[in-house]
Amino acid sequence: MDFTYDDEQQALREAVRGLLATAYADHDARRRTVADEPGFDRALWGRLAEMGVLGLPFAEEHGGVGAGPVEIGIVCQELGRVLAPEPYLASVVHAGGLVAALGSPEQKADLLGRLSAGEVVLAAAVTSPGGRWASRADGVRASVSGDAWTLDGVADPVVAGGSADVLVVAAELPDEGGTGVFVVDAADVERTGYAAADLTRAASVRFAGSVATPLGAPGRDLAPSIATISDLTRIMGANQSLGVMQSQVRATTDYLKSRKQFGVTLNTFQALTFRAADMYVSLELAHSMVDWATMTIAGGDREVVAEAADRVGLEVSRAGRHIGQEAIQLHGGIGMTAEYAVGVGTAHLEVLDQWLGNAPHHLSRLAGRVTDHELVEALA
Amino acid sequence: MDFTYDDEQQALREAVRGLLATAYADHDARRRTVADEPGFDRALWGRLAEMGVLGLPFAEEHGGVGAGPVEIGIVCQELGRVLAPEPYLASVVHAGGLVAALGSPEQKADLLGRLSAGEVVLAAAVTSPGGRWASRADGVRASVSGDAWTLDGVADPVVAGGSADVLVVAAELPDEGGTGVFVVDAADVERTGYAAADLTRAASVRFAGSVATPLGAPGRDLAPSIATISDLTRIMGANQSLGVMQSQVRATTDYLKSRKQFGVTLNTFQALTFRAADMYVSLELAHSMVDWATMTIAGGDREVVAEAADRVGLEVSRAGRHIGQEAIQLHGGIGMTAEYAVGVGTAHLEVLDQWLGNAPHHLSRLAGRVTDHELVEALA
Amino acid sequence: MQLELSPADAEFRARMREFFTTKVPQEIRDTVLEGRHLTRDQIVESQRVLNAEGLAVPHWPEEWGGQDWTDLQRHLWHEEMQRAGVPIPLAFNASMIGPVIAQFGTEEQKSRFLPDTANLDIWWSQGFSEPDAGSDLASLRTTAVRDGDDWVVNGQKTWTTLGQHGDWIFTLVRTDPEVKKQAGISMLLIDMTTPGVEVRPIELIDGGHEVNEVWFTDVRVPGDLLVGEPGQGWTIAKFLLGNERVGVAPVGATKRALAGLKTVAAAQMEDPMVRARVAELENQLLALELTALRVVAHSAGGEPHPASSVLKLRGTELQQAVSELALDLAGPASLASRAEEDSPQEGWARRSAPTYLNYRKASIYGGSNEIQRQIISRTILGL
Amino acid sequence: MQLELSPADAEFRARMREFFTTKVPQEIRDTVLEGRHLTRDQIVESQRVLNAEGLAVPHWPEEWGGQDWTDLQRHLWHEEMQRAGVPIPLAFNASMIGPVIAQFGTEEQKSRFLPDTANLDIWWSQGFSEPDAGSDLASLRTTAVRDGDDWVVNGQKTWTTLGQHGDWIFTLVRTDPEVKKQAGISMLLIDMTTPGVEVRPIELIDGGHEVNEVWFTDVRVPGDLLVGEPGQGWTIAKFLLGNERVGVAPVGATKRALAGLKTVAAAQMEDPMVRARVAELENQLLALELTALRVVAHSAGGEPHPASSVLKLRGTELQQAVSELALDLAGPASLASRAEEDSPQEGWARRSAPTYLNYRKASIYGGSNEIQRQIISRTILGL
């Protein structure tokens with residue numbers, strides 16, 4: 001049992017942090033980037049590809065690096081620290097994860113190779129309008145005629161869907177055959193992009209007879225795999241949230257030390273410093289859960305990962321709401337402004353949770369299983 | 001709409017407060033009283049009778065005073081302020097309430113007359129061991145032979161059951177006839193008295209062929225009436241809790257002003273004074289709900305009273321836990337001692353809630369009805 | 001003690017309900033009820049409808065359009081407006097500068113400003129907060145220097161809500177830098193079209209343009225636009241900020257928002273955990289509303305009831321809690337915050353994240369919740 | 001990073017589990033697991049079983065019975081004890097005075113006291129807090145005045161846990177009233193049978209007799225019972241209070257208590273709100289346990305990890321929250337707190353109110369949660 005990074009992991013963290021510092025030296029840089037389309041920095045995306053970060057999760061034979069979940073978590077934490085709007089979670093972890101899990105060798109080599117090289121952006125279209133983290137598709141239907149598949153319906157939100165070149169789409173198979181996963185060229189759909197509250201981008205995607213290629217062997221019900229990749233994405237999203245929260249606690253602490261009111265700095269007021277202490281408590285507890293959940297992935301057991309996703313999802317959602325709200329409150333008015341990173345961080349935390357699974361969702365699932373075990377075991 | 005007491009109500013408050021101040025001038029007096037049997041001050045009980053307080057809810061023709069719910073609430077608040085262990089809620093409000101609602105004219109004149117005069121103590125036996133605020137009896141069964149009724153089974157907790165002269169008992173009627181209510185002479189049962197955590201008294205009562213007289217006409221299902229009297233008792237219990245909380249907030253405020261640590265009084269520490277402010281917020285919100293619930297009784301609508309009991313039960317349980325816990329915490333070690341009223345008050349608040357209905361219970365009932373209305377209306 | 005309204009008050013309430021639901025345009029009310037943004041014109045139109053009926057500024061002196069209502073009647077008026085989705089009369093006009101001019105202004109100021117203020121012919125902005133004077137308002141730095149009969153104003157105000165719509169702004173300025181900081185402050189009324197006044201938008205995290213910075217560079221203000229005496233500004237500001245007993249907590253609007261969620265997220269209301277969360281909030285809102293009624297019933301004369309701080313504190317907490325529930329009910333659909341109206345996601349769900357973020361301000365502005373706790377612990381508890 | 005225990009650690013854990021569940025008497029373990037009170041004899045017996053196996057004081061120096069374990073092994077040892085219901089070795093002996101004597105004591109003090117302390121042949125009490133020196137420990141007033149080779153002690157200690165069982169008491173006393181308050185404090189070991197020592201019970205709100213006042217009236221203490229140097233008491237006390245990295249939060253015991261409720265209140269586990277409450281607590285406990293593991297894994301050398309304050313703070317909050325759940329599940333049965341064993345109400349339900357009340361102390365003693373927040377904000381956050 002070991003909660004520390006090895007030297008290579010430390011080096012990866014430093015390298016990613018260094019690269020992100022050039023692109024997002026301050027919050028103004030992030031503001032400028034999200035003010036324009038595509039809502040992220042394509043040059044930075046390219047440098048992440050060169051550094052191997054985009055190919056981190058994928059096998060070397062498919063153009064990737066073959067790193068483990070801890071490394072991917074490190075990248076997500078660093079992205080979170082600077083509120084980077086790059087679609088790493090959506091494109092690499094989620095959509096790339098679906099391709100890596102379900103694609104044929106040729107599809108993997110093609111799509112993951114180009115994704116790793118920064119040549120294409122992928123997006124996963126798995127949620128229907130009004131839908132709530134289901135692994136069964138219900139907004140898009142697949143039809144087959146001979147070997148030719150087409151899709152009809154709407155997916156929304158499709159995170160990074162506006163800038164994606166290729167969509168990885170969950171769709172209902174004919175004859176109640178369950179949920180299939182298809183690759184669709186973004187040129188063959190109707191897309192309406194929009195910004196979420198944190199100014200990261202998503203899209204509403206309409207399929208109307210769109211030509212689709214099954215990912216892997218066609219016609220199988222892939223709902224369990226979709227669920228597993230969602231769980232993995234949830235855990236990596238929690239890593240990203242952790243990075244955001246770390247920055248918020250640091251910013252709040254710095255602000256309390258420097259901001260004066262009534263002739264003294266705010267850290268003179270015990271009611272405020274104690275609330276900062278409570279923020280730190282939430283942060284550390286969430287940090288532990290994030291590390292744990294990330295480590296569970298290596299074991300490769302789907303049910304263990306599903307459990308870990310619910311547990312870290314609940315913990316990070318609670319911590320994120322607490323820290324995100326207190327960060328604004330302890331900053332006062334300035335925390336409400338788009339010019340300042342703290343309030344935008346609070347928006348980012350909510351977008352991550354509502355996209356990937358919020359506290360009531362995870363709690364409801366955990367509550368359903370509460371009598372299935374006697375004790376929750378931290379160590380196997 | 002009026003939330004103020006009239007002159008007579010003010011006078012009643014002053015009179016009761018004055019009388020209680022002679023008996024419970026300080027917490028030591030309460031400690032001495034609860035250290036001995038019967039766990040309350042019979043002399044004080046007699047003086048309450050003389051003052052008309054024991055007969056407050058009952059019609060003049062039955063030996064009572066015929067006062068309204070506001071007056072009874074005032075008495076309960078004052079009892080709560082000094083943590084008085086007298087069984088007013090159990091004997092007058094609950095057991096007396098059952099007699100007043102269900103008894104024949106003769107039974108009312110007899111039992112309520114003697115109760116009002118302080119000649120007998122009544123207790124309501126309506127809960128089975130492990131039972132949870134049900135209005136249907138399930139621990140005691142009634143049998144009839146000719147006109148002669150007998151009871152068998154166990155009721156527990158029976159608050160004030162150890163010192164009661166007469167028990168008012170809910171029992172299952174034969175042939176699935178619902179729940180009846182019976183009067184039983186305490187001499188005809190086996191009782192094991194005990195102290196609750198706040199040192200008020202309850203008892204386990206075993207009926208074994210105990211001779212019982214039906215309250216009112218025999219053989220009817222009285223579960224709805226039992227529920228209504230429980231609701232009324234819940235609301236009066238909330239009045240008593242309000243008195244306890246008022247004392248706790250006052251004691252905590254006084255302590256913060258006088259207790260020194262690190263060379264200064266505790267009210268120098270903003271983290272503590274802000275928590276006292278939050279206690280005050282809980283207190284005032286609960287106060288409003290208690291006044292409102294008490295006023296709903298006058299309308300005489302059972303469903304309105306049931307709703308009010310759930311609402312005030314939830315609010316007072318939440319407020320009581322918050323205030324009770326903070327009162328101890330802000331006092332530190334001394335709040336943990338039996339010598340000091342604050343910690344005992346916390347125990348008293350919990351005993352009242354667990355006896356009459358705790359927060360999860362009331363919340364669960366309110367949640368069940370949440371889609372039956374659009375808005376909750378404060379004013380009719 | 002009694003719960004029922006008197007027949008007169010019940011009749012009063014019925015009259016308010018009737019007027020609000022029939023005379024204020026439905027489109028304006030729907031906009032409020034659905035949590036969408038009102039235009040400047042809608043706000044003006046609504047207030048003029050009220051003012052024509054004498055319902056815009058009932059708490060003002062009768063000679064300036066006020067009504068001799070009890071506090072309970074004002075409460076009922078305020079609740080019924082929220083219930084019907086009627087925009088509350090612009091606070092800067094109706095609750096802030098109007099009562100100040102009526103109390104402290106010259107007769108000339110009263111006749112010049114009060115009728116236009118009541119009718120929203122003048123849109124007032126508030127110029128109190130500065131970048132380094134938030135909760136610690138008395139340390140403000142904007143100066144007004146006497147020059148002949150005029151004052152020359154320099155400095156910066158911030159968090160000026162809806163300042164982009166403002167015709168005039170009432171400001172706190174430092175007229176005497178030599179004396180104790182509160183004593184050197186005065187209140188000036190400034191025409192925002194005066195040369196040297198510049199309004200710059202501040203973008204908030206919900207993407208809206210709701211607050212502004214207002215810069216004053218050698219702005220010349222005629223001497224007859226000072227309210228009260230020089231140095232009386234702090235007293236006037238305390239009067240202004242403590243003036244509210246009614247409507248401190250947005251009870252009615254929050255109740256409506258919660259009730260609305262039961263309809264728009266009806267399917268999720270089958271979930272017992274959602275039901276419990278709604279039930280808990282409804283109960284807390286009831287306790288808050290009853291407390292507002294108690295405060296109204298107890299308050300005597302012009303002094304604000306100290307429990308107003310309880311209402312502000314709890315009112316904003318519950319407003320925020322309901323916005324959290326809305327966001328959680330919206331789930332993934334909440335990502336479509338800045339999607340256009342043709343989005344397949346429902347409007348309430350799209351607005352849930354911006355609303356959640358916007359309401360974070362509620363516990364900061366108008367006296368932060370920390371200030372409210374300070375007031376409770378000091379003024380009420382004597383700590 | 002990896003989650004699995006090393007084979008050696010896994011084997012270690014298995015060995016602990018085996019020993020604790022087979023060698024410590026079942027009756028003692030059941031008493032712990034059911035939340036009943038242990039007698040003095042049970043506590044002594046259990047510790048002697050552990051000590052015979054070298055498991056009572058593993059963190060002491062090896063020559064005095066310690067084991068050269070990693071912090072992780074100590075954590076596993078501690079968790080397995082709680083899981084099996086084994087009473088944790090008496091903290092006053094094993095965690096407090098033992099390490100102090102081993103670190104600061106003379107060789108004579110070590111050989112005289114350490115073996116008996118490890119084996120609980122001496123039951124130690126703690127004499128730190130005073131009526132006017134709680135969180136502000138440095139303002140203590142109990143004095144020790146030099147008289148020949150002896151010290152003469154006068155004063156009063158309070159909150160002396162289980163002092164009624166004490167053979168000896170380690171005390172902080174003021175030996176020099178002239179210097180800065182921390183500098184005038186020394187640590188004395190006092191035989192509680194010495195004339196002038198009087199122990200008076202304090203009754204707590206749960207009805208138990210768990211803490212005491214200890215009065216010293218002209219108590220004569222031989223000079224060789226001073227630990228370290230005169231004036232070193234504050235340093236020693238800080239060492240003693242900061243000595244704990246492992247077992248700061250009662251994670252294992254709280255987990256067991258929560259798991260127990262699932263069994264004893266099985267019928268109520270059908271209620272979705274109860275399930276949600278249990279699930280939330282389980283998750284919070286997991287986060288706490290993982291944090292304890294992170295602290296263990298990160299801590300280097302003798303310095304306590306600053307996150308120990310997180311563990312203490314959160315650990316007591318969760319311990320209290322589980323006791324609240326138990327009380328709410330018990331409902332009316334909880335009224336039978338002081339009923340006898342033949343009560344028809346179940347034991348767990350009868351104990352729920354006293355346990356709830358007793359655990360209120362958890363956030364007060366051993367450094368109140370306010371002190372922990374102070375440590376976090378100052379030491380960790382630099383505020």
# chains A, B, ... in the order shown; residues from 1 in each chain; ligands from 1
$ select_by_dssp --residues "segment 116-315 of chain A" --states "alpha helix (DSSP H)" --output "VMD selection string"
chain A and resid 116 223 to 258 270 to 297 302 to 315
$ residues_around --residues "segment 123-139 of chain D" --least-positions-apart "4" --cutoff "8 Å" --atoms "only C-alpha atoms" --output "tab-separated table (two decimals) with C-alpha atoms, in the first residue's frame"
chain	number	residue	atom	x	y	z
B	260	LYS	CA	-12.02	33.28	30.27
B	261	GLN	CA	-9.51	31.34	28.21
B	262	PHE	CA	-6.14	32.59	27.07
D	92	PHE	CA	-2.63	6.95	29.58
D	93	ASN	CA	-0.10	4.14	29.89
D	97	ILE	CA	3.29	8.44	29.94
D	117	THR	CA	3.17	0.49	32.71
D	156	GLN	CA	-6.80	20.80	41.67
D	157	LYS	CA	-6.97	18.84	38.45
D	158	THR	CA	-10.17	18.00	36.65
D	159	TRP	CA	-11.57	15.85	33.82
D	160	THR	CA	-9.28	13.06	35.04
D	161	THR	CA	-10.62	10.17	33.01
D	162	LEU	CA	-10.97	6.91	34.93
D	163	GLY	CA	-9.06	8.55	37.78
D	165	HIS	CA	-8.90	3.41	38.95
D	166	GLY	CA	-5.58	5.24	39.03
D	167	ASP	CA	-2.54	4.00	40.92
D	168	TRP	CA	-0.31	6.85	39.79
D	169	ILE	CA	-0.97	10.16	38.10
D	170	PHE	CA	1.31	12.16	35.81
D	171	THR	CA	0.75	15.83	36.40
D	172	LEU	CA	1.72	19.20	35.06
D	181	LYS	CA	3.83	30.79	32.05
D	182	GLN	CA	4.89	27.90	29.80
D	214	VAL	CA	-8.27	15.22	41.76
D	234	TRP	CA	5.50	22.21	28.61
D	367	GLY	CA	-7.77	19.10	21.99
D	368	SER	CA	-11.23	20.39	21.15
D	371	ILE	CA	-8.23	23.77	18.74
$ interface_residues --of "chain D" --to "chain C" --cutoff "12 Å" --atoms "only C-alpha atoms" --output "NGL selection string"
:D and (271-277)
$ write_last_selection --atoms "all heavy atoms" --output "compact mmCIF listing (two decimals), in the first residue's frame"
# COMPACT_ATOMS: atom_id res chain seq x y z
N ASP D 271 -36.00 1.42 4.68
CA ASP D 271 -36.37 2.82 4.45
C ASP D 271 -35.28 3.51 3.63
O ASP D 271 -34.13 3.58 4.04
CB ASP D 271 -36.52 3.49 5.83
CG ASP D 271 -36.88 4.97 5.74
OD1 ASP D 271 -36.72 5.57 4.66
OD2 ASP D 271 -37.31 5.51 6.75
N PRO D 272 -35.65 4.03 2.45
CA PRO D 272 -34.60 4.63 1.60
C PRO D 272 -33.87 5.80 2.25
O PRO D 272 -32.69 6.02 1.97
CB PRO D 272 -35.37 5.10 0.36
CG PRO D 272 -36.81 4.90 0.63
CD PRO D 272 -36.97 4.02 1.81
N MET D 273 -34.53 6.53 3.13
CA MET D 273 -33.84 7.63 3.79
C MET D 273 -32.81 7.11 4.79
O MET D 273 -31.74 7.70 4.96
CB MET D 273 -34.84 8.55 4.47
CG MET D 273 -35.56 9.46 3.46
SD MET D 273 -37.09 10.15 4.11
CE MET D 273 -36.46 11.05 5.52
N VAL D 274 -33.14 6.02 5.44
CA VAL D 274 -32.16 5.41 6.36
C VAL D 274 -30.98 4.86 5.55
O VAL D 274 -29.82 5.04 5.92
CB VAL D 274 -32.82 4.30 7.21
CG1 VAL D 274 -31.77 3.54 8.01
CG2 VAL D 274 -33.87 4.89 8.13
N ARG D 275 -31.29 4.22 4.46
CA ARG D 275 -30.22 3.67 3.60
C ARG D 275 -29.29 4.79 3.14
O ARG D 275 -28.07 4.63 3.13
CB ARG D 275 -30.81 2.97 2.38
CG ARG D 275 -31.63 1.74 2.70
CD ARG D 275 -32.22 1.13 1.44
NE ARG D 275 -31.24 0.36 0.70
CZ ARG D 275 -31.00 -0.93 0.88
NH1 ARG D 275 -31.68 -1.60 1.80
NH2 ARG D 275 -30.09 -1.56 0.17
N ALA D 276 -29.89 5.90 2.74
CA ALA D 276 -29.06 7.01 2.26
C ALA D 276 -28.17 7.55 3.37
O ALA D 276 -27.00 7.88 3.15
CB ALA D 276 -29.95 8.12 1.70
N ARG D 277 -28.73 7.60 4.56
CA ARG D 277 -27.94 8.13 5.68
C ARG D 277 -26.77 7.19 6.00
O ARG D 277 -25.66 7.65 6.27
CB ARG D 277 -28.88 8.27 6.88
CG ARG D 277 -28.42 9.23 7.93
CD ARG D 277 -29.58 9.55 8.86
NE ARG D 277 -29.10 10.05 10.13
CZ ARG D 277 -29.86 10.20 11.21
NH1 ARG D 277 -31.14 9.90 11.17
NH2 ARG D 277 -29.34 10.67 12.34
$ residues_around --residues "segment 358-369 of chain B" --least-positions-apart "6" --cutoff "8 Å" --atoms "only C-alpha atoms" --output "tab-separated table (two decimals) with N, CA, C and O atoms, in the first residue's frame"
chain	number	residue	atom	x	y	z
B	307	GLU	N	-50.72	17.82	10.25
B	307	GLU	CA	-49.71	18.49	9.43
B	307	GLU	C	-48.82	19.38	10.30
B	307	GLU	O	-47.59	19.37	10.18
B	310	ASP	N	-46.32	17.39	12.36
B	310	ASP	CA	-45.16	16.94	11.60
B	310	ASP	C	-44.20	18.11	11.34
B	310	ASP	O	-42.98	17.96	11.45
B	311	ARG	N	-44.76	19.24	11.00
B	311	ARG	CA	-43.90	20.38	10.65
B	311	ARG	C	-43.14	20.88	11.88
B	311	ARG	O	-41.94	21.12	11.83
B	313	GLY	N	-42.63	19.20	14.59
B	313	GLY	CA	-41.76	18.11	15.07
B	313	GLY	C	-40.44	18.11	14.34
B	313	GLY	O	-39.37	17.99	14.95
B	314	LEU	N	-40.49	18.25	13.03
B	314	LEU	CA	-39.26	18.27	12.25
B	314	LEU	C	-38.41	19.49	12.62
B	314	LEU	O	-37.21	19.38	12.88
B	315	GLU	N	-39.05	20.64	12.66
B	315	GLU	CA	-38.29	21.87	12.91
B	315	GLU	C	-37.65	21.86	14.29
B	315	GLU	O	-36.48	22.21	14.45
B	317	SER	N	-37.01	19.25	16.20
B	317	SER	CA	-35.99	18.21	16.33
B	317	SER	C	-34.66	18.69	15.73
B	317	SER	O	-33.60	18.48	16.32
B	318	ARG	N	-34.74	19.30	14.58
B	318	ARG	CA	-33.50	19.81	13.96
B	318	ARG	C	-32.88	20.90	14.83
B	318	ARG	O	-31.69	20.93	15.07
C	272	PRO	N	-37.67	8.94	-3.37
C	272	PRO	CA	-37.89	9.34	-1.97
C	272	PRO	C	-36.85	10.32	-1.45
C	272	PRO	O	-37.15	11.15	-0.58
C	275	ARG	N	-37.94	13.67	-2.67
C	275	ARG	CA	-39.11	14.10	-1.88
C	275	ARG	C	-38.68	14.61	-0.51
C	275	ARG	O	-39.19	15.62	-0.02
C	276	ALA	N	-37.75	13.91	0.10
C	276	ALA	CA	-37.30	14.33	1.44
C	276	ALA	C	-36.62	15.69	1.37
C	276	ALA	O	-36.79	16.54	2.24
C	277	ARG	N	-35.85	15.89	0.32
C	277	ARG	CA	-35.14	17.16	0.20
C	277	ARG	C	-36.13	18.31	-0.01
C	277	ARG	O	-35.98	19.38	0.57
C	278	VAL	N	-37.15	18.06	-0.83
C	278	VAL	CA	-38.18	19.07	-1.04
C	278	VAL	C	-38.93	19.33	0.27
C	278	VAL	O	-39.18	20.49	0.65
C	279	ALA	N	-39.28	18.26	0.96
C	279	ALA	CA	-40.06	18.43	2.20
C	279	ALA	C	-39.26	19.21	3.24
C	279	ALA	O	-39.81	20.08	3.93
C	280	GLU	N	-37.99	18.92	3.32
C	280	GLU	CA	-37.14	19.64	4.29
C	280	GLU	C	-37.09	21.13	3.94
C	280	GLU	O	-37.23	22.00	4.81
D	273	MET	N	-34.53	6.53	3.13
D	273	MET	CA	-33.84	7.63	3.79
D	273	MET	C	-32.81	7.11	4.79
D	273	MET	O	-31.74	7.70	4.96
D	328	ASP	N	-31.68	7.86	16.59
D	328	ASP	CA	-32.88	8.03	15.77
D	328	ASP	C	-33.49	6.68	15.38
D	328	ASP	O	-34.71	6.58	15.22
D	331	GLY	N	-35.40	5.40	18.54
D	331	GLY	CA	-36.70	6.02	18.74
D	331	GLY	C	-37.18	5.91	20.19
D	331	GLY	O	-36.38	6.05	21.12
$ interface_residues --of "chain A" --to "chain B" --cutoff "8 Å" --atoms "only C-alpha atoms" --output "list in words"
Phe269, Gln270, Ala271, Leu272 and Phe274 of chain A
$ write_last_selection --atoms "C-alpha atoms" --output "short mmCIF file (atom, residue, chain, number, x, y, z; two decimals), in the first residue's frame"
data_model
loop_
_atom_site.label_atom_id
_atom_site.label_comp_id
_atom_site.auth_asym_id
_atom_site.auth_seq_id
_atom_site.Cartn_x
_atom_site.Cartn_y
_atom_site.Cartn_z
CA PHE A 269 -11.17 37.03 11.75
CA GLN A 270 -11.35 33.61 13.36
CA ALA A 271 -14.75 32.84 11.90
CA LEU A 272 -13.14 33.04 8.46
CA PHE A 274 -11.98 28.30 10.79
#
$ residues_around --residues "Val183 of chain A" --least-positions-apart "4" --cutoff "10 Å" --atoms "only C-alpha atoms" --output "VMD selection string"
chain A and resid 99 103 107 111 122 to 125 166 to 170 211 to 216
$ write_last_selection --atoms "N, CA and C atoms" --output "PDB file, in the first residue's frame"
ATOM      1  N   VAL A  99     -13.285   3.773 -27.545  1.00  0.00           N
ATOM      2  CA  VAL A  99     -12.610   3.152 -28.696  1.00  0.00           C
ATOM      3  C   VAL A  99     -11.631   2.083 -28.227  1.00  0.00           C
ATOM      4  N   GLY A 103     -13.148  -0.986 -29.780  1.00  0.00           N
ATOM      5  CA  GLY A 103     -12.798  -0.944 -31.191  1.00  0.00           C
ATOM      6  C   GLY A 103     -12.088  -2.210 -31.680  1.00  0.00           C
ATOM      7  N   GLN A 107      -9.534  -0.130 -35.946  1.00  0.00           N
ATOM      8  CA  GLN A 107     -10.138   1.113 -35.460  1.00  0.00           C
ATOM      9  C   GLN A 107      -9.268   1.761 -34.389  1.00  0.00           C
ATOM     10  N   LEU A 111      -8.013   5.421 -34.991  1.00  0.00           N
ATOM     11  CA  LEU A 111      -8.588   6.520 -34.211  1.00  0.00           C
ATOM     12  C   LEU A 111      -7.685   6.932 -33.060  1.00  0.00           C
ATOM     13  N   LEU A 122     -11.995  13.633 -30.561  1.00  0.00           N
ATOM     14  CA  LEU A 122     -13.146  12.732 -30.464  1.00  0.00           C
ATOM     15  C   LEU A 122     -14.125  13.284 -29.416  1.00  0.00           C
ATOM     16  N   ALA A 123     -15.365  12.899 -29.553  1.00  0.00           N
ATOM     17  CA  ALA A 123     -16.340  13.219 -28.500  1.00  0.00           C
ATOM     18  C   ALA A 123     -17.292  12.047 -28.358  1.00  0.00           C
ATOM     19  N   ALA A 124     -17.736  11.817 -27.149  1.00  0.00           N
ATOM     20  CA  ALA A 124     -18.661  10.718 -26.876  1.00  0.00           C
ATOM     21  C   ALA A 124     -20.077  11.261 -26.777  1.00  0.00           C
ATOM     22  N   ALA A 125     -20.968  10.708 -27.588  1.00  0.00           N
ATOM     23  CA  ALA A 125     -22.370  11.127 -27.576  1.00  0.00           C
ATOM     24  C   ALA A 125     -23.179   9.995 -26.953  1.00  0.00           C
ATOM     25  N   VAL A 166     -14.670  13.394 -34.881  1.00  0.00           N
ATOM     26  CA  VAL A 166     -15.292  12.072 -34.907  1.00  0.00           C
ATOM     27  C   VAL A 166     -16.133  11.919 -33.646  1.00  0.00           C
ATOM     28  N   LEU A 167     -17.341  11.401 -33.832  1.00  0.00           N
ATOM     29  CA  LEU A 167     -18.211  11.170 -32.682  1.00  0.00           C
ATOM     30  C   LEU A 167     -18.302   9.672 -32.393  1.00  0.00           C
ATOM     31  N   VAL A 168     -18.241   9.344 -31.126  1.00  0.00           N
ATOM     32  CA  VAL A 168     -18.441   7.971 -30.681  1.00  0.00           C
ATOM     33  C   VAL A 168     -19.808   7.950 -30.005  1.00  0.00           C
ATOM     34  N   VAL A 169     -20.734   7.222 -30.620  1.00  0.00           N
ATOM     35  CA  VAL A 169     -22.148   7.419 -30.304  1.00  0.00           C
ATOM     36  C   VAL A 169     -22.773   6.139 -29.757  1.00  0.00           C
ATOM     37  N   ALA A 170     -23.485   6.280 -28.650  1.00  0.00           N
ATOM     38  CA  ALA A 170     -24.275   5.157 -28.127  1.00  0.00           C
ATOM     39  C   ALA A 170     -25.660   5.228 -28.755  1.00  0.00           C
ATOM     40  N   VAL A 211     -24.438   8.240 -41.410  1.00  0.00           N
ATOM     41  CA  VAL A 211     -23.718   6.984 -41.652  1.00  0.00           C
ATOM     42  C   VAL A 211     -22.857   6.658 -40.434  1.00  0.00           C
ATOM     43  N   ALA A 212     -22.958   5.415 -39.987  1.00  0.00           N
ATOM     44  CA  ALA A 212     -22.283   5.027 -38.749  1.00  0.00           C
ATOM     45  C   ALA A 212     -21.547   3.712 -38.932  1.00  0.00           C
ATOM     46  N   THR A 213     -20.396   3.614 -38.289  1.00  0.00           N
ATOM     47  CA  THR A 213     -19.633   2.374 -38.312  1.00  0.00           C
ATOM     48  C   THR A 213     -19.629   1.773 -36.922  1.00  0.00           C
ATOM     49  N   PRO A 214     -20.062   0.541 -36.789  1.00  0.00           N
ATOM     50  CA  PRO A 214     -20.037  -0.054 -35.443  1.00  0.00           C
ATOM     51  C   PRO A 214     -18.606  -0.103 -34.924  1.00  0.00           C
ATOM     52  N   LEU A 215     -18.478   0.171 -33.638  1.00  0.00           N
ATOM     53  CA  LEU A 215     -17.186   0.038 -32.986  1.00  0.00           C
ATOM     54  C   LEU A 215     -17.034  -1.434 -32.624  1.00  0.00           C
ATOM     55  N   GLY A 216     -16.021  -2.085 -33.172  1.00  0.00           N
ATOM     56  CA  GLY A 216     -15.851  -3.519 -32.954  1.00  0.00           C
ATOM     57  C   GLY A 216     -16.910  -4.305 -33.702  1.00  0.00           C
TER      58      GLY A 216
END
$ closest_atom_pairs --of "segment 63-121 of chain B" --to "segment 41-56 of chain B" --cutoff "6 Å" --atoms "only C-alpha atoms" --output "Markdown table"
| residue | atom | partner | partner_atom | distance |
| --- | --- | --- | --- | --- |
| B:Gly64 | CA | B:Gly55 | CA | 4.1 |
| B:Val65 | CA | B:Leu56 | CA | 4.8 |
| B:Gly66 | CA | B:Leu56 | CA | 5.9 |
| B:Ala67 | CA | B:Leu56 | CA | 5.3 |
| B:Ser116 | CA | B:Gly55 | CA | 4.1 |
| B:Ala117 | CA | B:Ala49 | CA | 5.2 |
| B:Gly118 | CA | B:Ala49 | CA | 5.2 |
